[in-house]
Every structure is written in structure tokens, then in C-alpha cells.
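For reference, the structure discussed in these notes is given below.
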Amino acid sequence: MGTLIYLNYWHGLELKYIRGGQNPGEQFLGYYLLYAIPFAIAFFIQRIFFTEHSYFKNYWFWIILFVAPAFFAFRVNFTVQEDLFKQIWTGDTLRFWQHSLNWVVRVIVVMIPVYLLWWIKDRKHQPFYGTKKLDTLQPYLWMLIIMLPLIAIASTQTDFQALYPRAKFLTALQLPNKTLHYFIYELCYGFDFVSIEFFFRGFLILSLAKICGKHCILPVACFYCAIHFGKPMGEAISSFWGGLLLGIVSYHSRSIWGGLIVHLGIAWMMEVGGWMALFIKG
């Protein structure tokens with residue numbers, strides 16, 4: 001992951017060579033490889049050097065190894081809804097709903113194949129990935145408290161301020177009620193994290209736990225880190241460690257709700273941090 005982070009932030013791996021692909025097919029392949037390579041290599045390194053676990057013999061391991069990066073690459077590149085939006089709205093209203101509803105559409109796009117895989121593979125053995133009820137909220141609230149000063153420090157960085165708050169595009173739009181539109185956007189933005197938690201800490205951790213045991217946690221954290229390569233470097237690096245922590249929590253609790261609380265809380269705190277940075281700069 002250190003090598004990939006170097007290639008991404010010093011040589012434009014994601015921006016130049018993947019996001020800048022000539023057509024959707026090239027972009028899909030680029031994102032697929034960006035996700036699949038660290039995901040697979042982490043499994044292979046663990047298998048060769050650190051464990052005698054025989055999960056390579058399980059055909060479901062290979063199915064998930066190949067299809068999971070495809071599910072997420074498809075989500076990232078899904079733009080079919082754009083043409084529909086253009087038929088309904090125009091101008092600033094179109095821009096607002098594009099920014100807002102794209103989050104919601106992509107949640108649905110990735111959750112459908114995840115649900116189908118659960119129905120085929122795991123519905124007789126466990127509830128839908130991660131939906132087990134939490135016993136307590138206290139550890140997750142402490143995690144948010146610990147993250148608060150780190151986000152405050154991050155909000156002073158130039159690359160953070162260039163991306164956050166994500167809702168700052170609203171300031172340039174002519175809309176009848178910006179306060180209402182702001183809350184709609186933030187709800188849609190937050191909804192995206194529901195699919196992230198279901199995908200990484202639900203689907204990947206809990207579908208692979210029965211196959212690989214705890215050895216699924218590190219590869220999933222590598223995959224999770226790779227999806228942050230379009231964000232500030234500090235956020236990408238911290239996402240690896242956050243992915244490890246939330247993966248461990250999900251593995252032991254069999255629930256994604258704690259991770260969702262933490263993830264949503266951090267996302268919205270980063271939005272607030274971004275707005276505060278803009279206010280201070282004037």
C-alpha cells in the first residue's frame with residue numbers, strides 16, 4: 001500500500017491513468033485493477049508467509065476475490081442516471097440533484113449484487129451482512145471523540161480544504177432555499193456511507209470470515225484504502241488504519257452499525273471542519 005500511495009500521490013496513478021481513461025471500459029478496468037491488486041496481494045502474502053490456512057481451496061474465496069472489485073468499480077463508473085436527470089432538471093437545479101442523487105443511486109447499484117450474493121451464499125447461515133444489533137454504543141462514541149482533534153488538525157491542510165466541505169459547490173448555485181438544499185445534500189452524502197459499511201465491513205468481512213477467519217481483515221483494509229486515492233493523502237493513509245480498526249470491530253461484533261456511526265460521524269465532522277476553515281479564511 002505504501003508503494004501504491006507513492007505512485008498515486010507522486011505520479012498521479014488514479015488521476016492521470018485511471019480517472020483519465022479514454023472511455024468507460026478503460027476506466028472500469030483501471031479501477032478494477034486498482035482495487036483487485038492490493039486486495040489479492042494481501043491475501044497471497046498472508047497465505048505464503050504467515051498462515052497455513054487453506055482458504056485458497058474454497059471456491060467462494062475465489063469468487064469473492066474476483067467479483068468484489070468488479071462490484072465497486074462498476075459503482076464508481078455508473079453514470080446511467082445522468083441522462084435521466086437531464087430530462088427532469090436544468091441549470092443549477094440539475095447540478096444540485098446530480099451531486100445529491102448520484103450518491104443514492106450508487107448505493108443501490110452496489111447493494112443489489114451484494115444482496116444477491118448473500119441470498120445465494122449466506123442467507124441460511126447469517127442475517128444480511130452486518131445487520132446484527134449492537135450491544136453498546138459507548139466504544140464508538142469514544143472513537144469519534146478521539147477523531148475530533150485529528151480532524152481539526154486536518155482541516156488546516158491545503159489538500160483537505162481543496163476537497164472539503166463537499167457541499168461547498170452549493171455556494172455558487174442559485175437555489176430558492178439553500179439551507180434546505182444543504183441538508184438534503186448532506187443526507188444523500190451520508191447515505192453513501194451506508195453502502196460503504198455494508199460493502200466493506202458487512203459483505204467483505206462477514207462473507208469471508210467463514211472462509212478465511214481473521215485473515216480477511218488486512219486485505220479488506222487494503223481494498224478500502226485504495227478507494228480513497230482520489231482524496232487527500234492523509235485521508236488515504238488514515239483510511240487504511242481506520243479500515244483495520246473497523247474491520248476488527250465488525251469481525252468480532254458481526255455488526256456494521258458501530259462502524260457506520262463512526263464513519264458517518266467522521267464524514268460530517270469533516271464537512272463541519274471544511275466549513276470552519278472556509279469561514280476562518282473569510
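Identifiers in the C-alpha cells: chain A, B, ... in order shown; residue index from 1 per chain; ligand index from 1 in order shown.
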
Within 9 Å of range 88-111 of chain A: each range 25-77 of chain A residue with its shortest pair, only C-alpha atoms, as a Markdown table:
```
| residue | atom | partner | partner_atom | distance |
| --- | --- | --- | --- | --- |
| A:Phe71 | CA | A:Val110 | CA | 6.1 |
| A:Phe72 | CA | A:Val110 | CA | 6.6 |
| A:Phe74 | CA | A:Val110 | CA | 7.8 |
| A:Arg75 | CA | A:Arg106 | CA | 5.6 |
| A:Val76 | CA | A:Arg106 | CA | 7.4 |
```

Please return as a short mmCIF file (atom, residue, chain, number, x, y, z; two decimals) with N, CA and C atoms, in the first residue's frame: the residues of range 4-203 of chain A that backbone DSSP assigns to helix (DSSP H, G or I).
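Listed below is the output, part-v1.cif:
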```cif
data_model
loop_
_atom_site.label_atom_id
_atom_site.label_comp_id
_atom_site.auth_asym_id
_atom_site.auth_seq_id
_atom_site.Cartn_x
_atom_site.Cartn_y
_atom_site.Cartn_z
N LEU A 4 1.77 1.85 -3.60
CA LEU A 4 0.64 2.39 -4.35
C LEU A 4 0.37 3.84 -3.97
N ILE A 5 0.49 4.16 -2.68
CA ILE A 5 0.29 5.54 -2.24
C ILE A 5 1.34 6.46 -2.87
N TYR A 6 2.57 5.99 -2.94
CA TYR A 6 3.63 6.76 -3.60
C TYR A 6 3.30 6.99 -5.07
N LEU A 7 2.92 5.92 -5.78
CA LEU A 7 2.60 6.05 -7.20
C LEU A 7 1.40 6.97 -7.42
N ASN A 8 0.46 6.93 -6.49
CA ASN A 8 -0.75 7.74 -6.65
C ASN A 8 -0.48 9.22 -6.40
N TYR A 9 0.19 9.54 -5.30
CA TYR A 9 0.31 10.95 -4.91
C TYR A 9 1.55 11.64 -5.47
N TRP A 10 2.50 10.88 -6.00
CA TRP A 10 3.66 11.49 -6.63
C TRP A 10 3.64 11.36 -8.16
N HIS A 11 2.87 10.39 -8.67
CA HIS A 11 2.86 10.16 -10.11
C HIS A 11 1.45 10.13 -10.71
N LEU A 13 -1.34 8.22 -10.22
CA LEU A 13 -1.86 6.92 -10.65
C LEU A 13 -3.36 6.96 -10.92
N GLU A 14 -4.14 7.39 -9.94
CA GLU A 14 -5.60 7.39 -10.10
C GLU A 14 -6.07 8.52 -11.01
N LEU A 15 -5.52 9.71 -10.83
CA LEU A 15 -5.99 10.89 -11.56
C LEU A 15 -5.64 10.81 -13.05
N LYS A 16 -4.40 10.49 -13.37
CA LYS A 16 -3.94 10.51 -14.76
C LYS A 16 -4.28 9.24 -15.52
N TYR A 17 -4.06 8.09 -14.89
CA TYR A 17 -4.08 6.84 -15.63
C TYR A 17 -5.38 6.04 -15.48
N ILE A 18 -6.20 6.39 -14.49
CA ILE A 18 -7.45 5.65 -14.29
C ILE A 18 -8.64 6.57 -14.53
N PRO A 24 -15.42 4.61 -20.78
CA PRO A 24 -15.87 3.96 -19.54
C PRO A 24 -15.26 2.57 -19.34
N GLY A 25 -15.05 1.82 -20.43
CA GLY A 25 -14.46 0.50 -20.30
C GLY A 25 -13.06 0.55 -19.74
N GLU A 26 -12.26 1.50 -20.22
CA GLU A 26 -10.90 1.66 -19.70
C GLU A 26 -10.91 2.10 -18.25
N GLN A 27 -11.82 2.99 -17.92
CA GLN A 27 -11.91 3.45 -16.53
C GLN A 27 -12.32 2.31 -15.61
N PHE A 28 -13.30 1.51 -16.06
CA PHE A 28 -13.72 0.36 -15.25
C PHE A 28 -12.54 -0.58 -15.01
N LEU A 29 -11.80 -0.91 -16.06
CA LEU A 29 -10.65 -1.81 -15.92
C LEU A 29 -9.61 -1.21 -15.00
N GLY A 30 -9.36 0.09 -15.14
CA GLY A 30 -8.37 0.75 -14.29
C GLY A 30 -8.74 0.68 -12.82
N TYR A 31 -10.01 1.00 -12.51
CA TYR A 31 -10.44 0.95 -11.11
C TYR A 31 -10.48 -0.50 -10.61
N TYR A 32 -10.87 -1.42 -11.48
CA TYR A 32 -10.88 -2.82 -11.08
C TYR A 32 -9.49 -3.26 -10.64
N LEU A 33 -8.48 -2.94 -11.43
CA LEU A 33 -7.11 -3.34 -11.10
C LEU A 33 -6.61 -2.60 -9.86
N LEU A 34 -6.98 -1.33 -9.72
CA LEU A 34 -6.57 -0.55 -8.54
C LEU A 34 -7.08 -1.20 -7.26
N TYR A 35 -8.29 -1.75 -7.30
CA TYR A 35 -8.87 -2.39 -6.12
C TYR A 35 -8.41 -3.84 -5.98
N ALA A 36 -8.38 -4.56 -7.09
CA ALA A 36 -8.12 -6.00 -7.03
C ALA A 36 -6.68 -6.33 -6.67
N ILE A 37 -5.72 -5.55 -7.16
CA ILE A 37 -4.32 -5.89 -6.95
C ILE A 37 -3.94 -5.86 -5.47
N PRO A 38 -4.17 -4.75 -4.73
CA PRO A 38 -3.81 -4.81 -3.30
C PRO A 38 -4.65 -5.81 -2.51
N PHE A 39 -5.91 -5.96 -2.89
CA PHE A 39 -6.80 -6.92 -2.22
C PHE A 39 -6.25 -8.34 -2.36
N ALA A 40 -5.86 -8.72 -3.57
CA ALA A 40 -5.36 -10.07 -3.82
C ALA A 40 -3.97 -10.27 -3.25
N ILE A 41 -3.07 -9.30 -3.45
CA ILE A 41 -1.69 -9.46 -2.99
C ILE A 41 -1.64 -9.63 -1.47
N ALA A 42 -2.49 -8.89 -0.74
CA ALA A 42 -2.50 -9.02 0.72
C ALA A 42 -2.88 -10.45 1.13
N PHE A 43 -3.84 -11.05 0.44
CA PHE A 43 -4.19 -12.45 0.72
C PHE A 43 -3.02 -13.37 0.43
N PHE A 44 -2.37 -13.17 -0.71
CA PHE A 44 -1.29 -14.06 -1.10
C PHE A 44 -0.09 -13.96 -0.16
N ILE A 45 0.25 -12.73 0.25
CA ILE A 45 1.37 -12.55 1.19
C ILE A 45 1.06 -13.24 2.52
N GLN A 46 -0.15 -13.05 3.02
CA GLN A 46 -0.53 -13.72 4.27
C GLN A 46 -0.47 -15.23 4.13
N ARG A 47 -0.98 -15.74 3.02
CA ARG A 47 -1.03 -17.20 2.81
C ARG A 47 0.36 -17.80 2.70
N ILE A 48 1.26 -17.11 2.02
CA ILE A 48 2.59 -17.66 1.77
C ILE A 48 3.47 -17.58 3.01
N PHE A 49 3.40 -16.44 3.72
CA PHE A 49 4.37 -16.20 4.79
C PHE A 49 3.84 -16.33 6.21
N PHE A 50 2.52 -16.17 6.40
CA PHE A 50 2.04 -16.01 7.77
C PHE A 50 0.97 -17.00 8.22
N TYR A 55 -7.66 -21.47 2.79
CA TYR A 55 -8.80 -20.83 2.14
C TYR A 55 -8.65 -20.77 0.62
N PHE A 56 -7.45 -20.97 0.07
CA PHE A 56 -7.28 -20.98 -1.37
C PHE A 56 -8.05 -22.13 -2.02
N LYS A 57 -8.41 -23.13 -1.24
CA LYS A 57 -9.12 -24.28 -1.78
C LYS A 57 -10.64 -24.07 -1.83
N TYR A 59 -13.86 -22.42 -3.24
CA TYR A 59 -14.23 -21.72 -4.48
C TYR A 59 -14.92 -20.39 -4.22
N TRP A 60 -15.59 -20.26 -3.07
CA TRP A 60 -16.22 -18.98 -2.74
C TRP A 60 -15.17 -17.89 -2.50
N PHE A 61 -14.01 -18.28 -1.99
CA PHE A 61 -12.92 -17.30 -1.82
C PHE A 61 -12.55 -16.69 -3.16
N TRP A 62 -12.40 -17.52 -4.18
CA TRP A 62 -12.01 -17.02 -5.49
C TRP A 62 -13.12 -16.20 -6.14
N ILE A 63 -14.36 -16.60 -5.93
CA ILE A 63 -15.47 -15.83 -6.48
C ILE A 63 -15.49 -14.42 -5.90
N ILE A 64 -15.38 -14.33 -4.56
CA ILE A 64 -15.41 -13.01 -3.92
C ILE A 64 -14.18 -12.20 -4.29
N LEU A 65 -13.03 -12.85 -4.38
CA LEU A 65 -11.79 -12.15 -4.74
C LEU A 65 -11.92 -11.46 -6.10
N PHE A 66 -12.58 -12.12 -7.05
CA PHE A 66 -12.71 -11.56 -8.39
C PHE A 66 -13.90 -10.62 -8.54
N VAL A 67 -15.04 -10.92 -7.90
CA VAL A 67 -16.23 -10.12 -8.16
C VAL A 67 -16.31 -8.87 -7.29
N ALA A 68 -15.74 -8.89 -6.07
CA ALA A 68 -15.87 -7.72 -5.19
C ALA A 68 -15.26 -6.46 -5.80
N PRO A 69 -14.03 -6.51 -6.34
CA PRO A 69 -13.51 -5.30 -7.01
C PRO A 69 -14.36 -4.87 -8.20
N ALA A 70 -14.96 -5.84 -8.89
CA ALA A 70 -15.82 -5.51 -10.03
C ALA A 70 -17.08 -4.79 -9.56
N PHE A 71 -17.68 -5.25 -8.46
CA PHE A 71 -18.85 -4.58 -7.91
C PHE A 71 -18.55 -3.11 -7.64
N PHE A 72 -17.40 -2.85 -7.00
CA PHE A 72 -17.11 -1.47 -6.60
C PHE A 72 -16.67 -0.63 -7.78
N ALA A 73 -15.92 -1.20 -8.71
CA ALA A 73 -15.52 -0.46 -9.92
C ALA A 73 -16.75 -0.08 -10.74
N PHE A 74 -17.74 -0.99 -10.80
CA PHE A 74 -18.98 -0.69 -11.50
C PHE A 74 -19.71 0.45 -10.82
N ARG A 75 -19.74 0.44 -9.50
CA ARG A 75 -20.37 1.52 -8.74
C ARG A 75 -19.73 2.86 -9.05
N VAL A 76 -18.41 2.92 -9.05
CA VAL A 76 -17.69 4.17 -9.28
C VAL A 76 -17.97 4.72 -10.67
N ASN A 77 -18.12 3.83 -11.64
CA ASN A 77 -18.28 4.25 -13.04
C ASN A 77 -19.72 4.32 -13.51
N GLN A 81 -27.78 7.20 -14.72
CA GLN A 81 -28.79 8.11 -14.18
C GLN A 81 -28.62 9.53 -14.68
N GLU A 82 -27.43 9.88 -15.18
CA GLU A 82 -27.16 11.26 -15.60
C GLU A 82 -28.12 11.70 -16.71
N ASP A 83 -28.36 10.83 -17.68
CA ASP A 83 -29.25 11.18 -18.79
C ASP A 83 -30.69 11.39 -18.31
N LEU A 84 -31.12 10.58 -17.35
CA LEU A 84 -32.46 10.75 -16.78
C LEU A 84 -32.59 12.09 -16.07
N PHE A 85 -31.58 12.45 -15.29
CA PHE A 85 -31.61 13.72 -14.57
C PHE A 85 -31.75 14.89 -15.54
N LYS A 86 -31.05 14.83 -16.68
CA LYS A 86 -31.07 15.92 -17.66
C LYS A 86 -32.44 16.09 -18.31
N GLN A 87 -33.24 15.03 -18.28
CA GLN A 87 -34.59 15.12 -18.81
C GLN A 87 -35.57 15.75 -17.83
N ILE A 88 -35.19 15.77 -16.54
CA ILE A 88 -36.08 16.27 -15.49
C ILE A 88 -35.73 17.69 -15.08
N GLY A 91 -30.05 23.55 -15.51
CA GLY A 91 -29.32 24.61 -14.80
C GLY A 91 -28.80 24.20 -13.43
N ASP A 92 -28.91 25.13 -12.49
CA ASP A 92 -28.40 24.90 -11.13
C ASP A 92 -29.17 23.79 -10.42
N THR A 93 -30.47 23.67 -10.71
CA THR A 93 -31.26 22.60 -10.09
C THR A 93 -30.73 21.24 -10.54
N LEU A 94 -30.38 21.12 -11.82
CA LEU A 94 -29.80 19.88 -12.33
C LEU A 94 -28.49 19.58 -11.63
N ARG A 95 -27.64 20.59 -11.50
CA ARG A 95 -26.35 20.37 -10.85
C ARG A 95 -26.52 19.91 -9.41
N PHE A 96 -27.46 20.52 -8.71
CA PHE A 96 -27.69 20.12 -7.32
C PHE A 96 -28.12 18.66 -7.22
N TRP A 97 -29.13 18.27 -8.02
CA TRP A 97 -29.64 16.90 -7.92
C TRP A 97 -28.64 15.87 -8.45
N GLN A 98 -27.82 16.27 -9.41
CA GLN A 98 -26.76 15.37 -9.85
C GLN A 98 -25.80 15.07 -8.70
N HIS A 99 -25.35 16.12 -8.04
CA HIS A 99 -24.43 15.94 -6.92
C HIS A 99 -25.06 15.13 -5.79
N SER A 100 -26.34 15.34 -5.54
CA SER A 100 -27.01 14.70 -4.41
C SER A 100 -27.42 13.26 -4.72
N LEU A 101 -28.16 13.07 -5.81
CA LEU A 101 -28.74 11.76 -6.09
C LEU A 101 -27.74 10.75 -6.62
N ASN A 102 -26.61 11.23 -7.15
CA ASN A 102 -25.58 10.27 -7.57
C ASN A 102 -25.13 9.40 -6.40
N TRP A 103 -25.05 9.99 -5.20
CA TRP A 103 -24.69 9.20 -4.01
C TRP A 103 -25.71 8.09 -3.78
N VAL A 104 -26.98 8.43 -3.87
CA VAL A 104 -28.05 7.48 -3.59
C VAL A 104 -28.08 6.37 -4.64
N VAL A 105 -27.98 6.76 -5.90
CA VAL A 105 -28.01 5.77 -6.99
C VAL A 105 -26.88 4.77 -6.84
N ARG A 106 -25.71 5.24 -6.50
CA ARG A 106 -24.55 4.34 -6.40
C ARG A 106 -24.65 3.41 -5.19
N VAL A 107 -25.37 3.84 -4.17
CA VAL A 107 -25.67 2.93 -3.05
C VAL A 107 -26.49 1.75 -3.56
N ILE A 108 -27.53 2.04 -4.31
CA ILE A 108 -28.41 0.99 -4.84
C ILE A 108 -27.64 0.07 -5.78
N VAL A 109 -26.80 0.67 -6.63
CA VAL A 109 -26.04 -0.10 -7.63
C VAL A 109 -25.15 -1.15 -6.98
N VAL A 110 -24.49 -0.79 -5.88
CA VAL A 110 -23.58 -1.74 -5.26
C VAL A 110 -24.30 -2.70 -4.30
N MET A 111 -25.43 -2.25 -3.73
CA MET A 111 -26.12 -3.10 -2.77
C MET A 111 -26.89 -4.25 -3.43
N ILE A 112 -27.34 -4.07 -4.66
CA ILE A 112 -28.09 -5.13 -5.34
C ILE A 112 -27.23 -6.39 -5.52
N PRO A 113 -26.02 -6.31 -6.11
CA PRO A 113 -25.23 -7.54 -6.23
C PRO A 113 -24.79 -8.11 -4.89
N VAL A 114 -24.54 -7.23 -3.90
CA VAL A 114 -24.17 -7.73 -2.57
C VAL A 114 -25.33 -8.53 -1.96
N TYR A 115 -26.53 -8.02 -2.10
CA TYR A 115 -27.70 -8.73 -1.57
C TYR A 115 -27.89 -10.06 -2.28
N LEU A 116 -27.74 -10.08 -3.59
CA LEU A 116 -27.89 -11.33 -4.35
C LEU A 116 -26.85 -12.37 -3.94
N LEU A 117 -25.63 -11.91 -3.70
CA LEU A 117 -24.59 -12.86 -3.28
C LEU A 117 -24.90 -13.41 -1.89
N TRP A 118 -25.39 -12.54 -1.00
CA TRP A 118 -25.78 -13.02 0.34
C TRP A 118 -26.91 -14.04 0.21
N TRP A 119 -27.89 -13.77 -0.66
CA TRP A 119 -29.03 -14.67 -0.84
C TRP A 119 -28.56 -16.06 -1.30
N ILE A 120 -27.60 -16.08 -2.18
CA ILE A 120 -27.10 -17.34 -2.72
C ILE A 120 -26.18 -18.04 -1.72
N LYS A 121 -25.29 -17.30 -1.09
CA LYS A 121 -24.21 -17.90 -0.28
C LYS A 121 -24.53 -18.01 1.21
N GLN A 138 -21.10 2.91 23.39
CA GLN A 138 -20.05 3.67 24.06
C GLN A 138 -18.69 3.62 23.36
N PRO A 139 -18.18 2.44 22.92
CA PRO A 139 -16.86 2.44 22.27
C PRO A 139 -16.80 3.29 21.01
N TYR A 140 -17.90 3.32 20.27
CA TYR A 140 -17.92 4.05 19.00
C TYR A 140 -17.98 5.56 19.24
N LEU A 141 -18.65 5.95 20.31
CA LEU A 141 -18.68 7.37 20.65
C LEU A 141 -17.30 7.84 21.10
N TRP A 142 -16.57 6.98 21.79
CA TRP A 142 -15.19 7.31 22.18
C TRP A 142 -14.30 7.45 20.95
N MET A 143 -14.51 6.60 19.97
CA MET A 143 -13.73 6.70 18.73
C MET A 143 -13.94 8.06 18.07
N LEU A 144 -15.20 8.52 18.05
CA LEU A 144 -15.49 9.82 17.46
C LEU A 144 -14.82 10.95 18.24
N ILE A 145 -14.83 10.84 19.56
CA ILE A 145 -14.19 11.86 20.39
C ILE A 145 -12.69 11.92 20.11
N ILE A 146 -12.07 10.75 19.96
CA ILE A 146 -10.64 10.68 19.67
C ILE A 146 -10.33 11.31 18.30
N MET A 147 -11.24 11.13 17.35
CA MET A 147 -11.02 11.65 15.99
C MET A 147 -11.20 13.15 15.89
N LEU A 148 -11.90 13.74 16.83
CA LEU A 148 -12.23 15.17 16.74
C LEU A 148 -11.00 16.06 16.61
N PRO A 149 -9.97 15.94 17.49
CA PRO A 149 -8.79 16.81 17.32
C PRO A 149 -8.00 16.50 16.05
N LEU A 150 -8.01 15.24 15.60
CA LEU A 150 -7.30 14.89 14.37
C LEU A 150 -7.95 15.55 13.16
N ILE A 151 -9.28 15.58 13.15
CA ILE A 151 -9.99 16.24 12.05
C ILE A 151 -9.75 17.75 12.10
N ALA A 152 -9.70 18.31 13.30
CA ALA A 152 -9.43 19.74 13.44
C ALA A 152 -8.06 20.08 12.86
N ILE A 153 -7.07 19.22 13.11
CA ILE A 153 -5.72 19.45 12.55
C ILE A 153 -5.75 19.29 11.03
N ALA A 154 -6.44 18.25 10.56
CA ALA A 154 -6.51 18.00 9.11
C ALA A 154 -7.16 19.16 8.38
N THR A 158 -4.00 22.27 3.20
CA THR A 158 -4.47 22.78 1.90
C THR A 158 -5.23 21.73 1.11
N ASP A 159 -4.72 20.49 1.07
CA ASP A 159 -5.39 19.46 0.27
C ASP A 159 -6.75 19.10 0.86
N PHE A 160 -6.89 19.17 2.18
CA PHE A 160 -8.19 18.97 2.83
C PHE A 160 -9.15 20.07 2.43
N GLN A 161 -8.70 21.30 2.49
CA GLN A 161 -9.56 22.45 2.19
C GLN A 161 -9.97 22.48 0.72
N ALA A 162 -9.15 21.87 -0.16
CA ALA A 162 -9.49 21.82 -1.59
C ALA A 162 -10.66 20.89 -1.85
N LEU A 163 -10.87 19.90 -0.97
CA LEU A 163 -11.93 18.91 -1.19
C LEU A 163 -13.14 19.11 -0.30
N ARG A 166 -17.66 19.03 1.07
CA ARG A 166 -18.13 18.56 -0.23
C ARG A 166 -19.32 19.39 -0.71
N ALA A 167 -20.04 19.99 0.25
CA ALA A 167 -21.24 20.76 -0.09
C ALA A 167 -20.94 22.20 -0.50
N LYS A 168 -19.66 22.57 -0.60
CA LYS A 168 -19.36 23.98 -0.90
C LYS A 168 -19.76 24.38 -2.31
N PHE A 169 -19.99 23.41 -3.20
CA PHE A 169 -20.44 23.76 -4.54
C PHE A 169 -21.79 24.50 -4.50
N LEU A 170 -22.54 24.31 -3.41
CA LEU A 170 -23.84 24.96 -3.28
C LEU A 170 -23.74 26.48 -3.24
N THR A 171 -22.61 26.99 -2.78
CA THR A 171 -22.47 28.44 -2.65
C THR A 171 -22.55 29.15 -4.00
N ALA A 172 -22.22 28.45 -5.08
CA ALA A 172 -22.23 29.06 -6.41
C ALA A 172 -23.56 28.88 -7.15
N LYS A 178 -31.37 27.54 0.12
CA LYS A 178 -30.07 26.86 0.21
C LYS A 178 -29.93 26.04 1.48
N THR A 179 -30.55 26.50 2.56
CA THR A 179 -30.46 25.73 3.81
C THR A 179 -31.08 24.36 3.65
N LEU A 180 -32.27 24.29 3.06
CA LEU A 180 -32.92 23.02 2.82
C LEU A 180 -32.10 22.16 1.87
N HIS A 181 -31.60 22.76 0.80
CA HIS A 181 -30.80 22.01 -0.16
C HIS A 181 -29.51 21.49 0.46
N TYR A 182 -28.94 22.29 1.35
CA TYR A 182 -27.73 21.85 2.05
C TYR A 182 -28.01 20.59 2.87
N PHE A 183 -29.10 20.57 3.62
CA PHE A 183 -29.41 19.40 4.43
C PHE A 183 -29.76 18.19 3.57
N ILE A 184 -30.44 18.41 2.46
CA ILE A 184 -30.73 17.30 1.54
C ILE A 184 -29.42 16.70 1.02
N TYR A 185 -28.51 17.58 0.61
CA TYR A 185 -27.23 17.09 0.09
C TYR A 185 -26.48 16.30 1.15
N GLU A 186 -26.39 16.82 2.36
CA GLU A 186 -25.63 16.14 3.42
C GLU A 186 -26.26 14.78 3.77
N LEU A 187 -27.59 14.69 3.73
CA LEU A 187 -28.24 13.40 3.97
C LEU A 187 -27.90 12.40 2.86
N CYS A 188 -27.92 12.87 1.62
CA CYS A 188 -27.57 11.99 0.50
C CYS A 188 -26.10 11.57 0.59
N TYR A 189 -25.25 12.52 0.93
CA TYR A 189 -23.82 12.24 1.10
C TYR A 189 -23.61 11.22 2.22
N GLY A 190 -24.32 11.38 3.32
CA GLY A 190 -24.21 10.43 4.42
C GLY A 190 -24.74 9.05 4.04
N PHE A 191 -25.79 9.02 3.22
CA PHE A 191 -26.37 7.75 2.80
C PHE A 191 -25.35 6.88 2.07
N ASP A 192 -24.42 7.53 1.37
CA ASP A 192 -23.37 6.79 0.65
C ASP A 192 -22.56 5.92 1.60
N PHE A 193 -22.36 6.38 2.83
CA PHE A 193 -21.54 5.64 3.78
C PHE A 193 -22.24 4.38 4.28
N VAL A 194 -23.57 4.34 4.13
CA VAL A 194 -24.28 3.11 4.46
C VAL A 194 -23.81 1.98 3.55
N SER A 195 -23.71 2.27 2.25
CA SER A 195 -23.26 1.22 1.33
C SER A 195 -21.79 0.88 1.56
N ILE A 196 -20.97 1.88 1.92
CA ILE A 196 -19.55 1.61 2.18
C ILE A 196 -19.40 0.63 3.33
N GLU A 197 -20.15 0.87 4.41
CA GLU A 197 -20.05 -0.03 5.57
C GLU A 197 -20.61 -1.42 5.25
N PHE A 198 -21.74 -1.46 4.57
CA PHE A 198 -22.30 -2.76 4.20
C PHE A 198 -21.33 -3.52 3.29
N PHE A 199 -20.67 -2.80 2.39
CA PHE A 199 -19.78 -3.47 1.44
C PHE A 199 -18.51 -3.97 2.11
N PHE A 200 -17.81 -3.11 2.83
CA PHE A 200 -16.50 -3.47 3.37
C PHE A 200 -16.59 -4.21 4.70
N ARG A 201 -17.34 -3.67 5.66
CA ARG A 201 -17.39 -4.31 6.97
C ARG A 201 -18.51 -5.33 7.07
N GLY A 202 -19.49 -5.27 6.15
CA GLY A 202 -20.54 -6.27 6.12
C GLY A 202 -20.20 -7.38 5.15
N PHE A 203 -20.37 -7.11 3.87
CA PHE A 203 -20.16 -8.10 2.82
C PHE A 203 -18.76 -8.72 2.87
#
```

Pick from A:Pro176, A:Leu244, A:Leu206, A:Ser250, whichever lies nearest to Pro219 in chain A using only C-alpha atoms: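 Nearest to Pro219 in chain A: A:Leu244.
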
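Excluding Asp135 in chain A itself and any same-chain residue fewer than 4 positions from it, the protein and nucleic acid residues within 12 Å of it, counting only C-alpha atoms, are A:Pro139, A:Tyr140, A:His252, A:Ser253, A:Arg254, A:Ser255, A:Trp257, A:Gly258.
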
Expected file contents, prior selection, N, CA and C atoms, as a compact mmCIF listing (two decimals), in the first residue's frame:
```txt
# COMPACT_ATOMS: atom_id res chain seq x y z
N PRO A 139 -18.18 2.44 22.92
CA PRO A 139 -16.86 2.44 22.27
C PRO A 139 -16.80 3.29 21.01
N TYR A 140 -17.90 3.32 20.27
CA TYR A 140 -17.92 4.05 19.00
C TYR A 140 -17.98 5.56 19.24
N HIS A 252 -15.59 -9.10 15.11
CA HIS A 252 -15.93 -9.61 16.44
C HIS A 252 -17.39 -9.34 16.82
N SER A 253 -17.95 -8.24 16.35
CA SER A 253 -19.32 -7.89 16.74
C SER A 253 -20.36 -8.46 15.78
N ARG A 254 -19.91 -8.80 14.55
CA ARG A 254 -20.81 -9.26 13.47
C ARG A 254 -21.86 -8.19 13.13
N SER A 255 -21.48 -6.92 13.36
CA SER A 255 -22.41 -5.82 13.11
C SER A 255 -21.68 -4.67 12.43
N TRP A 257 -23.18 -1.56 12.45
CA TRP A 257 -23.80 -0.33 12.94
C TRP A 257 -22.81 0.56 13.68
N GLY A 258 -21.92 -0.03 14.46
CA GLY A 258 -20.91 0.77 15.15
C GLY A 258 -19.99 1.47 14.16
```

Two-atom distance - CA of Gly259 in chain A, CA of Tyr129 in chain A (Å): 12.9 Å

Shortest interatomic distance to Glu271 in chain A - which of A:Gly247, A:Gly230, A:Pro165, A:Gly242, counting only C-alpha atoms: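 The shortest atom-to-atom distance to Glu271 in chain A comes from A:Pro165.
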
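Put simply, CA of Gly243 in chain A is 8.3 Å away from CA of Ile217 in chain A.
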